[in-house]
$ cat query.cif   # mmCIF, C-alpha atoms
data_target
#
loop_
_atom_site.label_atom_id
_atom_site.label_comp_id
_atom_site.auth_asym_id
_atom_site.auth_seq_id
_atom_site.Cartn_x
_atom_site.Cartn_y
_atom_site.Cartn_z
CA GLN A 1 0.00 0.00 0.00
CA LEU A 2 1.36 3.37 -1.01
CA GLN A 3 1.76 5.71 1.93
CA PRO A 4 4.11 8.51 2.91
CA VAL A 5 5.46 8.22 6.46
CA GLU A 6 6.53 11.38 8.29
CA SER A 7 9.02 11.66 11.12
CA GLY A 8 10.79 14.40 13.02
CA GLY A 9 8.07 16.33 14.78
CA GLY A 10 8.97 18.08 17.99
CA LEU A 11 9.45 21.26 19.99
CA VAL A 12 11.55 24.07 18.56
CA ARG A 13 12.40 27.51 19.91
CA PRO A 14 11.49 30.58 17.87
CA GLY A 15 14.27 31.31 15.45
CA GLY A 16 15.45 27.73 15.59
CA THR A 17 15.85 25.05 12.94
CA HIS A 18 14.21 21.68 12.50
CA ARG A 19 14.00 18.95 9.91
CA LEU A 20 11.07 16.78 8.95
CA SER A 21 11.44 13.63 6.92
CA CYS A 22 9.02 11.79 4.65
CA ALA A 23 9.76 8.17 3.80
CA ALA A 24 8.14 6.17 1.02
CA SER A 25 6.24 3.07 2.04
CA GLY A 26 5.20 0.93 -0.89
CA PHE A 27 6.62 3.18 -3.59
CA THR A 28 9.61 5.25 -4.61
CA PHE A 29 9.68 8.97 -5.07
CA ASP A 30 11.01 8.83 -8.60
CA TYR A 31 7.73 9.43 -10.40
CA TYR A 32 5.76 11.35 -7.83
CA ALA A 33 5.37 14.89 -6.69
CA ILE A 34 5.90 14.98 -2.92
CA ALA A 35 4.50 17.84 -0.89
CA TRP A 36 4.40 19.11 2.65
CA PHE A 37 1.21 20.60 4.01
CA ARG A 38 0.46 21.96 7.45
CA GLN A 39 -2.67 22.52 9.47
CA VAL A 40 -3.64 24.30 12.64
CA PRO A 41 -6.97 23.85 14.42
CA GLY A 42 -9.78 25.72 12.78
CA LYS A 43 -7.93 26.38 9.53
CA GLU A 44 -7.66 24.64 6.20
CA ARG A 45 -4.68 22.50 5.39
CA GLU A 46 -2.07 24.74 3.78
CA GLY A 47 0.42 23.75 1.09
CA VAL A 48 3.96 24.55 2.23
CA SER A 49 6.35 23.06 -0.31
CA CYS A 50 6.58 20.49 -3.06
CA ILE A 51 9.24 18.64 -5.00
CA SER A 52 9.09 16.59 -8.16
CA ILE A 53 12.39 14.81 -8.51
CA SER A 54 11.78 13.42 -12.00
CA GLU A 55 10.58 16.78 -13.31
CA GLY A 56 13.14 18.88 -11.46
CA ASP A 57 10.34 21.01 -10.06
CA ILE A 58 10.25 22.69 -6.64
CA TYR A 59 7.65 24.97 -5.13
CA TYR A 60 7.53 27.00 -1.90
CA ALA A 61 4.63 28.87 -0.45
CA PRO A 62 5.44 32.58 -0.07
CA SER A 63 5.17 32.27 3.71
CA VAL A 64 8.15 29.88 3.88
CA LYS A 65 10.22 30.80 0.84
CA GLY A 66 13.78 31.60 1.87
CA ARG A 67 13.39 29.82 5.21
CA PHE A 68 12.39 26.26 4.27
CA THR A 69 14.18 23.86 1.94
CA ILE A 70 12.74 20.71 0.42
CA ALA A 71 15.03 18.08 -1.02
CA GLU A 72 15.53 14.41 -1.61
CA ASP A 73 17.73 12.40 0.70
CA THR A 74 19.04 9.72 -1.63
CA ALA A 75 20.72 7.83 1.21
CA ASP A 76 17.42 6.59 2.60
CA ASN A 77 14.87 7.30 -0.14
CA SER A 78 13.18 10.11 1.70
CA VAL A 79 12.21 13.72 1.17
CA TYR A 80 13.03 16.17 3.90
CA LEU A 81 11.83 19.62 4.81
CA GLN A 82 14.54 21.72 6.41
CA MET A 83 12.94 24.53 8.36
CA ASN A 84 15.03 27.51 9.44
CA ASN A 85 14.19 30.61 11.45
CA LEU A 86 10.99 29.05 12.71
CA GLN A 87 8.28 31.42 13.88
CA ASP A 88 5.21 30.99 16.05
CA GLU A 89 3.03 30.81 12.96
CA ASP A 90 4.95 27.78 11.71
CA ALA A 91 3.61 25.67 14.55
CA ALA A 92 1.25 23.09 13.07
CA VAL A 93 0.72 19.47 12.23
CA TYR A 94 2.78 18.80 9.12
CA TYR A 95 1.66 16.24 6.58
CA CYS A 96 3.53 14.61 3.73
CA ALA A 97 1.52 13.87 0.60
CA ALA A 98 2.18 12.30 -2.78
CA THR A 99 0.68 12.36 -6.24
CA SER A 100 1.65 10.81 -9.54
CA ARG A 101 -0.80 12.85 -11.59
CA PRO A 102 0.55 15.34 -12.29
CA ARG A 103 4.20 14.59 -11.67
CA ARG A 104 5.04 18.26 -11.52
CA CYS A 105 4.09 20.17 -8.40
CA PRO A 106 0.51 21.39 -8.74
CA ARG A 107 -0.02 25.09 -8.62
CA PRO A 108 -1.80 26.08 -6.55
CA LEU A 109 -0.63 23.51 -3.99
CA VAL A 110 -3.95 22.18 -2.77
CA VAL A 111 -5.14 19.15 -0.87
CA GLN A 112 -7.35 17.92 -3.71
CA GLU A 113 -4.38 17.21 -5.97
CA PHE A 114 -2.84 14.65 -3.59
CA PRO A 115 -4.42 11.23 -3.07
CA TYR A 116 -1.79 9.78 -0.72
CA TRP A 117 -1.23 11.13 2.78
CA GLY A 118 0.81 10.44 5.85
CA GLN A 119 -0.51 10.61 9.40
CA GLY A 120 1.12 13.93 10.22
CA VAL A 121 3.68 15.07 12.78
CA ARG A 122 3.35 17.98 15.17
CA VAL A 123 5.81 20.85 15.22
CA THR A 124 5.54 23.13 18.23
CA VAL A 125 7.32 26.47 18.27
CA SER A 126 7.73 27.81 21.76
CA SER A 127 10.30 29.37 24.03
#

$ encode --input "query.cif" --output "C-alpha cells"
Amino acid sequence: QLQPVESGGGLVRPGGTHRLSCAASGFTFDYYAIAWFRQVPGKEREGVSCISISEGDIYYAPSVKGRFTIAEDTADNSVYLQMNNLQDEDAAVYYCAATSRPRRCPRPLVVQEFPYWGQGVRVTVSS
C-alpha cells in the first residue's frame, strides 16, 4: 500500500531550525510529486512546499520561501523539509503527501491534488 510516512516532529524555539522527513512506504519517489502541508486547528490544510524529482520542479509557499528547503535524501529514499528561522506561525501538524498525476508540483498547492497522505507530525514552536 502506497503511503508517505513522516518523522521528526517536535518542539523548537522561535528562530530555531528543524527537519522533517518523509519516507516512502510501498513506492519510490522517482515518479511522484511529494509535498508538505500543514494545518492548525480551525484552519484549512495549507500547502507549504513540493518537489518533483523526476521533473526537477520545486515549489515554496510565499510564507516559507527563503526559510524552508525541500530536497531528496538519496541515502534513505526520503524527502526532507529543512525549516530555518521558525516562527510561532509555523507551529502546526505537518503532513507529507504524494501524487503521480501530475508529476510536476501542482499550482496552486492544494489538498485535492494529492491522493496519498501520511498521518502527520506535530511541530511546536515555543520558548

$ residues_around --input "query.cif" --residues "range 69-73 of chain A" --least-positions-apart "4" --cutoff "10 Å" --atoms "all atoms listed in the file" --output "ChimeraX atom specification"
/A:19-23,29,34-36,48-53,58-60,64-65,77-84

$ resolve_selection --input "query.cif" --expression "the PyMOL selection byres ((chain A and resi 124) around 8)" --output "number ranges by chain"
A: 10-12, 91-92, 122-123, 125-126

$ write_last_selection --input "query.cif" --atoms "C-alpha atoms" --output "mmCIF file, in the coordinates of the input"
data_model
loop_
_atom_site.group_PDB
_atom_site.id
_atom_site.type_symbol
_atom_site.label_atom_id
_atom_site.label_comp_id
_atom_site.auth_asym_id
_atom_site.auth_seq_id
_atom_site.Cartn_x
_atom_site.Cartn_y
_atom_site.Cartn_z
ATOM 1 C CA GLY A 10 8.970 18.080 17.990
ATOM 2 C CA LEU A 11 9.450 21.260 19.990
ATOM 3 C CA VAL A 12 11.550 24.070 18.560
ATOM 4 C CA ALA A 91 3.610 25.670 14.550
ATOM 5 C CA ALA A 92 1.250 23.090 13.070
ATOM 6 C CA ARG A 122 3.350 17.980 15.170
ATOM 7 C CA VAL A 123 5.810 20.850 15.220
ATOM 8 C CA VAL A 125 7.320 26.470 18.270
ATOM 9 C CA SER A 126 7.730 27.810 21.760
#

$ atom_distance --input "query.cif" --atom1 "CA of Gly8 in chain A" --atom2 "CA of Val93 in chain A"
11.3 Å

$ residues_around --input "query.cif" --residues "Val110 in chain A" --least-positions-apart "4" --cutoff "8 Å" --atoms "all atoms listed in the file" --output "number ranges by chain"
A: 46-47, 106, 114

$ axis_aligned_box --input "query.cif" --around "range 69-75 of chain A" --padding-each-side "4 Å" --output "lines of an AutoDock Vina configuration file"
center_x = 16.7
center_y = 15.8
center_z = 0.2
size_x = 16.0
size_y = 24.0
size_z = 11.6

$ closest_residue --input "query.cif" --among "A:Glu113, A:Arg103, A:Ala97, A:Asp90" --to "Arg13 in chain A" --atoms "all atoms listed in the file"
A:Asp90

$ resolve_selection --input "query.cif" --expression "the PyMOL selection byres ((chain A and resi 101) around 10)" --output "ChimeraX atom specification"
/A:31-33,98-100,102-106,113-115

$ atom_distance --input "query.cif" --atom1 "CA of Ser7 in chain A" --atom2 "CA of Ala61 in chain A"
21.2 Å

$ atom_distance --input "query.cif" --atom1 "CA of Gly66 in chain A" --atom2 "CA of Cys96 in chain A"
19.9 Å

$ closest_residue --input "query.cif" --among "A:Gly16, A:Thr74, A:Gln112, A:Glu55" --to "Thr28 in chain A" --atoms "all atoms listed in the file"
A:Thr74

$ closest_residue --input "query.cif" --among "A:Gly118, A:Pro108, A:Gly26, A:Pro41" --to "Val5 in chain A" --atoms "all atoms listed in the file"
A:Gly118

$ closest_residue --input "query.cif" --among "A:Arg38, A:His18, A:Asp88, A:Gly56" --to "Phe68 in chain A" --atoms "only C-alpha atoms"
A:His18

$ closest_residue --input "query.cif" --among "A:Leu86, A:Tyr116, A:Pro14, A:Gly9" --to "Phe27 in chain A" --atoms "only C-alpha atoms"
A:Tyr116
